[in-house]
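Undergrad: Can you read through this structure? Questions will come right after.
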Amino acid sequence: MHIDRRSADNTGIVLIDYVTGFANVFTSQTVSENVNGAVGLAKAALGYEVPLVVTLGPAQDPRGPLYPELSALLGEHPVVHRGGSFDAFDHPGFEAAVAAMDRKHLVLAGLMTEGCIVHTALGALRRDYEVSLVIDATAGETPAIHDAAVTRLVQLGVTPTSWLSLASEFQRTYDDEKSVGVYYDLLALKPGMNKNLHALQSAVALGQPG
């Protein structure tokens, strides 16, 4: 079986409905964990120059705007505003934006797992995309509901991953000095990794050819 390594040449990232109004709805992870996952995934997309589509509901969505932390990171990056369909592919502007990335692998993350995430993932599978779901950047109403949606998608061929695992697939090796700074910046978002970051960088330096 041939397994493609995810890279900027074959992968596009899709961020779905990271609006502030969902913060009091999902409980499968904390708000801070969800925000951190969204920011980590967006940073990976920007740092590794992976095509990125960001989509929300209507432009004047009463559920609120994009997470401020994510909005600050994305700056003027375009946002695809949609109507009421759970499957974002039902919106022509979204489908066109994804097609314009010209990538066979789609990496999805956002809110809510049991709603727009599961149905947009199904829409991608029906269009013959290979789909990965970033579990630690995606949340549902309860852990059980979230897990049920993820299980359904995995049974249909969606690959679960984490945002840092995806970034390590993009990076591939600490020896790639052109982009390892991006990876170190991402590690700094993980409290456990951050406190050991200096030791890690020292170990990598010791392994470099003299």
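Quick note on naming: the chains in the structure tokens go A, B, ... in the order shown, residues restart at 1 in each chain, and ligands are numbered from 1 in order of appearance.
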Write down as a ChimeraX atom specification the residues belonging to stretch 71-194 of chain A that are assigned helix (DSSP H, G or I) by DSSP computed on the backbone.
TA: /A:71-74,88-90,92-101,113-126,135-137,143-155,163-171,180-187,191-194
Undergrad: Compile the contact shell of stretch 125-136 of chain A as a PyMOL selection string: residues with an atom at most 7 Å away, counting only C-alpha atoms, same-chain residues fewer than 6 positions apart removed.
TA: chain A and resi 34+37+104-109+158-163
Undergrad: Could you give me, as a Markdown table, every stretch 78-127 of chain A residue with an atom at most 9 Å from stretch 46-68 of chain A, plus its closest atom pair and distance in Å to one decimal, counting only C-alpha atoms, rows ordered by chain then number?
TA:
```
| residue | atom | partner | partner_atom | distance |
| --- | --- | --- | --- | --- |
| A:Pro78 | CA | A:Val54 | CA | 7.1 |
| A:Val79 | CA | A:Val54 | CA | 5.1 |
| A:Val80 | CA | A:Thr55 | CA | 4.5 |
| A:His81 | CA | A:Leu56 | CA | 5.1 |
| A:Arg82 | CA | A:Gly57 | CA | 4.8 |
| A:Gly83 | CA | A:Pro58 | CA | 5.9 |
| A:Gly84 | CA | A:Gly57 | CA | 7.2 |
| A:Ala88 | CA | A:Thr55 | CA | 8.1 |
| A:Phe94 | CA | A:Thr55 | CA | 7.4 |
| A:Ala97 | CA | A:Val53 | CA | 6.8 |
| A:Val98 | CA | A:Val53 | CA | 6.7 |
| A:Met101 | CA | A:Pro51 | CA | 6.0 |
| A:Asp102 | CA | A:Pro51 | CA | 8.9 |
| A:Arg103 | CA | A:Pro51 | CA | 8.4 |
```
Undergrad: Find the residue from A:Ile3, A:Ile13, A:Ala38, A:Ala167 that sits nearest to A:Leu187; use only C-alpha atoms when measuring.
TA: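 Ranking A:Ile3, A:Ile13, A:Ala38, A:Ala167 by distance to A:Leu187, first place goes to A:Ala167.
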Undergrad: So which residues of chain A fall under strand (DSSP E or B) by DSSP, listed as a PyMOL selection string?
TA: chain A and resi 11-16+19+52-56+66+79-81+105-111+130-134+139+159-161
